[in-house]
Amino acid sequence: MENRSFDINTLVRENIRQLQPYSSARDEYSEYGNSMIYLDANENPNESILNRYPDPFQSKLKSKLSDMKGIPVENIFLGNGSDEVIDLIFRAFCEPRLDQIITMPPTYGMYRVLAKINDVDNKEVLLTADFQIDTFAILENITGKTKLIFICSPNNPTGNLMDFDDIVFLLENFNGLVIIDEAYIDFCDLSESWSKKIHNYKNLIVMQTLSKAYGLAGIRLGICYANVEIINILNRIKAPYNVSQLSQIKALDVLTQQDKIKEQIAESKLIKHVLEKEFSNIQFIEKIYPSNANFVLIKVDNANKRYKQLLENRIVVRNRTNEPLCANCLRISVGTKIESEKLVKILKKIDK
């Protein structure tokens, strides 16, 4: 059921509402493509794939994503990594020193960092003991200044999906924006992407990335799905050429290799399954948390000690022991088969 009381115009900052965005000839004459002679941007005229500024709205790439996802182009925004998308959402909807967001630790740390950078109050409402959304605690913390709620699902660092009904509850009862970060959705067989529901909820923003399953962390490409009004606002305030030509070319290339990507995802899941089985035989590992991502969160007897021992054996994992609800927890990414076998070997050696 749609949140009928939601009105995007009540959320947008006044200066953003009045902003006249930067415009280039690539915007004004995009329908003509390469048939125009462009002498407007002081570019080097000697042809190469990189002598011209990139398509500011990444038309070919969005068209490919639209075909793959079944989502109209006008509902897609691309950023220089998901971090740029998050930052733009702050800049569009949150007044510095006045507005508030809600995050749910333990979760992705950049929500907190970008809130600090944008001088926006971050109200932290802990997940429940089983790493689920405490919906009523969130409602108790919503004020007239609360603009955004961030949900990571599958969650980082815990790896679990957030309960479907809890997310629906927030979408229907919160008059701000609910941002669902699906960075790890490609590794999950149990849930359909929330991007399929952006037409049901005007206050829903869904983020995905090519950094994880698609192996393109180096090109920095984040994807945002939302209703047209939100996408238009983000397009108005983004840098004119925020996604480089090289990034667009590489992303298009990899998106055409779906069979290869599916094979890599399947292999990652298989390696994760083997790791989980091996972890169960390590005595100092006290708990293995269920994961719908390409990593596993484990609870050990002494996280600082085990982290140091792994580091001494040239294996770097993430020590999450200082995160809420994650005392003595290590987050371990799924590596290659050879890397994972070495990890298990070292764990067994440490265990002895």
# chains A, B, ... in the order shown; residues from 1 in each chain; ligands from 1
$ residues_around --residues "Leu216 of chain A" --least-positions-apart "2" --cutoff "12 Å" --atoms "only C-alpha atoms" --output "list in words"
Asn80, Gly81, Thr209, Leu210, Ser211, Lys212, Ala213, Tyr214, Gly218, Ile219, Arg220, Leu221, Gly222, Leu246, Ser247, Gln248, Ile249, Lys250, Ala251, Leu252, Asp253, Val254, Leu255 and Ile261 of chain A
$ write_last_selection --atoms "C-alpha atoms" --output "compact mmCIF listing (two decimals), in the first residue's frame"
# COMPACT_ATOMS: atom_id res chain seq x y z
CA ASN A 80 30.65 7.67 -9.06
CA GLY A 81 30.20 4.74 -6.71
CA THR A 209 26.59 -1.46 -7.34
CA LEU A 210 28.89 -3.05 -9.87
CA SER A 211 31.67 -3.28 -7.25
CA LYS A 212 30.76 -6.69 -5.81
CA ALA A 213 29.27 -9.43 -8.02
CA TYR A 214 30.34 -7.69 -11.24
CA GLY A 218 37.93 -0.12 -9.55
CA ILE A 219 35.65 1.85 -11.89
CA ARG A 220 33.41 3.22 -9.10
CA LEU A 221 29.88 2.85 -10.43
CA GLY A 222 26.83 3.02 -8.19
CA LEU A 246 36.24 4.64 -19.29
CA SER A 247 33.82 3.61 -16.55
CA GLN A 248 30.87 3.67 -18.94
CA ILE A 249 32.72 1.61 -21.57
CA LYS A 250 33.93 -0.99 -19.07
CA ALA A 251 30.54 -1.30 -17.39
CA LEU A 252 28.81 -1.86 -20.73
CA ASP A 253 31.37 -4.51 -21.62
CA VAL A 254 30.92 -6.45 -18.38
CA LEU A 255 27.11 -6.18 -18.43
CA ILE A 261 29.09 -13.21 -14.02
$ residues_around --residues "segment 322-328 of chain A" --least-positions-apart "5" --cutoff "8 Å" --atoms "only C-alpha atoms" --output "PyMOL selection string"
chain A and resi 105-106+126+129+299-304
$ closest_residue --among "A:Ser340, A:Ser59, A:Thr256, A:Asn160" --to "Tyr184 of chain A" --atoms "only C-alpha atoms"
A:Asn160
$ closest_residue --among "A:Thr107, A:Asn42, A:Asn51, A:Ser153" --to "Phe187 of chain A" --atoms "only C-alpha atoms"
A:Ser153
$ atom_distance --atom1 "atom CA of Val113 of chain A" --atom2 "atom CA of Phe93 of chain A"
16.7 Å
$ select_by_dssp --residues "segment 18-194 of chain A" --states "alpha helix (DSSP H)" --output "JSON, numbers by chain"
{"A": [25, 26, 27, 28, 59, 60, 61, 62, 63, 64, 65, 66, 67, 68, 69, 82, 83, 84, 85, 86, 87, 88, 89, 90, 91, 92, 93, 110, 111, 112, 113, 114, 115, 116, 117, 135, 136, 137, 138, 139, 140, 141, 164, 165, 166, 167, 168, 169, 170, 171, 172, 173]}
$ residues_around --residues "segment 271-276 of chain A" --least-positions-apart "6" --cutoff "12 Å" --atoms "only C-alpha atoms" --output "PDB file with C-alpha atoms, in the first residue's frame"
ATOM      1  CA  PHE A 187      24.534 -13.123  -4.124  1.00  0.00           C
ATOM      2  CA  GLN A 264      31.510 -16.325 -10.787  1.00  0.00           C
ATOM      3  CA  ILE A 265      28.575 -15.802  -8.425  1.00  0.00           C
ATOM      4  CA  ILE A 282      37.479 -24.643  14.204  1.00  0.00           C
ATOM      5  CA  ILE A 285      34.973 -20.063  16.178  1.00  0.00           C
ATOM      6  CA  LYS A 287      29.244 -18.865  15.896  1.00  0.00           C
ATOM      7  CA  ILE A 288      28.815 -18.614  12.118  1.00  0.00           C
ATOM      8  CA  TYR A 289      26.126 -16.128  11.136  1.00  0.00           C
ATOM      9  CA  PRO A 290      23.931 -16.946   8.115  1.00  0.00           C
ATOM     10  CA  SER A 291      24.991 -14.899   5.095  1.00  0.00           C
ATOM     11  CA  ASN A 292      23.281 -13.837   1.874  1.00  0.00           C
ATOM     12  CA  ALA A 293      26.391 -11.963   0.742  1.00  0.00           C
ATOM     13  CA  ASN A 294      29.931 -12.719  -0.436  1.00  0.00           C
ATOM     14  CA  PHE A 295      31.295 -12.678   3.104  1.00  0.00           C
ATOM     15  CA  VAL A 296      30.753 -14.483   6.394  1.00  0.00           C
ATOM     16  CA  LEU A 297      30.551 -12.984   9.867  1.00  0.00           C
ATOM     17  CA  ILE A 298      31.943 -15.239  12.575  1.00  0.00           C
ATOM     18  CA  ILE A 332      35.729 -12.613   6.226  1.00  0.00           C
ATOM     19  CA  SER A 333      35.268 -12.042   2.496  1.00  0.00           C
ATOM     20  CA  VAL A 334      34.977 -14.987   0.128  1.00  0.00           C
ATOM     21  CA  GLY A 335      38.219 -15.112  -1.862  1.00  0.00           C
ATOM     22  CA  THR A 336      39.344 -17.402  -4.634  1.00  0.00           C
ATOM     23  CA  LYS A 337      39.446 -21.164  -4.081  1.00  0.00           C
ATOM     24  CA  ILE A 338      43.210 -21.017  -3.476  1.00  0.00           C
ATOM     25  CA  GLU A 339      42.898 -18.066  -1.073  1.00  0.00           C
ATOM     26  CA  SER A 340      40.112 -19.784   0.845  1.00  0.00           C
ATOM     27  CA  GLU A 341      42.080 -23.024   1.131  1.00  0.00           C
ATOM     28  CA  LYS A 342      45.023 -21.070   2.527  1.00  0.00           C
ATOM     29  CA  LEU A 343      42.719 -19.308   4.991  1.00  0.00           C
ATOM     30  CA  VAL A 344      41.356 -22.621   6.266  1.00  0.00           C
ATOM     31  CA  LYS A 345      44.864 -24.034   6.570  1.00  0.00           C
ATOM     32  CA  LEU A 347      42.863 -21.213  10.840  1.00  0.00           C
TER      33      LEU A 347
END
$ residues_around --residues "segment 164-173 of chain A" --least-positions-apart "4" --cutoff "12 Å" --atoms "only C-alpha atoms" --output "PyMOL selection string"
chain A and resi 1-6+102+127+132-140+142+148-154+160+177-180+190-194+197-198+200-205
$ residues_around --residues "Leu78 of chain A" --least-positions-apart "6" --cutoff "9 Å" --atoms "only C-alpha atoms" --output "list in words"
Phe57, Gln58, Lys62, Val85, Leu221, Gly222, Ile223, Cys224, Tyr225, Asn242 and Val243 of chain A
$ write_last_selection --atoms "N, CA and C atoms" --output "compact mmCIF listing (two decimals), in the first residue's frame"
# COMPACT_ATOMS: atom_id res chain seq x y z
N PHE A 57 24.63 11.75 -19.00
CA PHE A 57 23.54 10.95 -18.46
C PHE A 57 23.65 9.47 -18.82
N GLN A 58 24.84 9.06 -19.30
CA GLN A 58 25.17 7.65 -19.47
C GLN A 58 24.04 6.87 -20.20
N LYS A 62 22.55 3.19 -19.19
CA LYS A 62 21.23 3.12 -18.57
C LYS A 62 20.26 2.28 -19.40
N VAL A 85 26.17 8.58 -4.67
CA VAL A 85 24.71 8.57 -4.62
C VAL A 85 24.23 8.96 -3.22
N LEU A 221 31.17 2.62 -9.80
CA LEU A 221 29.88 2.85 -10.43
C LEU A 221 28.76 2.37 -9.51
N GLY A 222 27.99 3.32 -9.02
CA GLY A 222 26.83 3.02 -8.19
C GLY A 222 25.55 3.26 -8.95
N ILE A 223 24.52 2.49 -8.64
CA ILE A 223 23.25 2.57 -9.35
C ILE A 223 22.15 2.91 -8.36
N CYS A 224 21.27 3.81 -8.77
CA CYS A 224 20.15 4.22 -7.93
C CYS A 224 18.86 4.07 -8.72
N TYR A 225 17.87 3.42 -8.11
CA TYR A 225 16.54 3.29 -8.69
C TYR A 225 15.54 4.02 -7.80
N ASN A 242 29.89 13.04 -14.04
CA ASN A 242 30.28 12.32 -12.82
C ASN A 242 30.73 10.89 -13.06
N VAL A 243 30.36 10.30 -14.20
CA VAL A 243 30.79 8.94 -14.52
C VAL A 243 31.68 9.01 -15.76
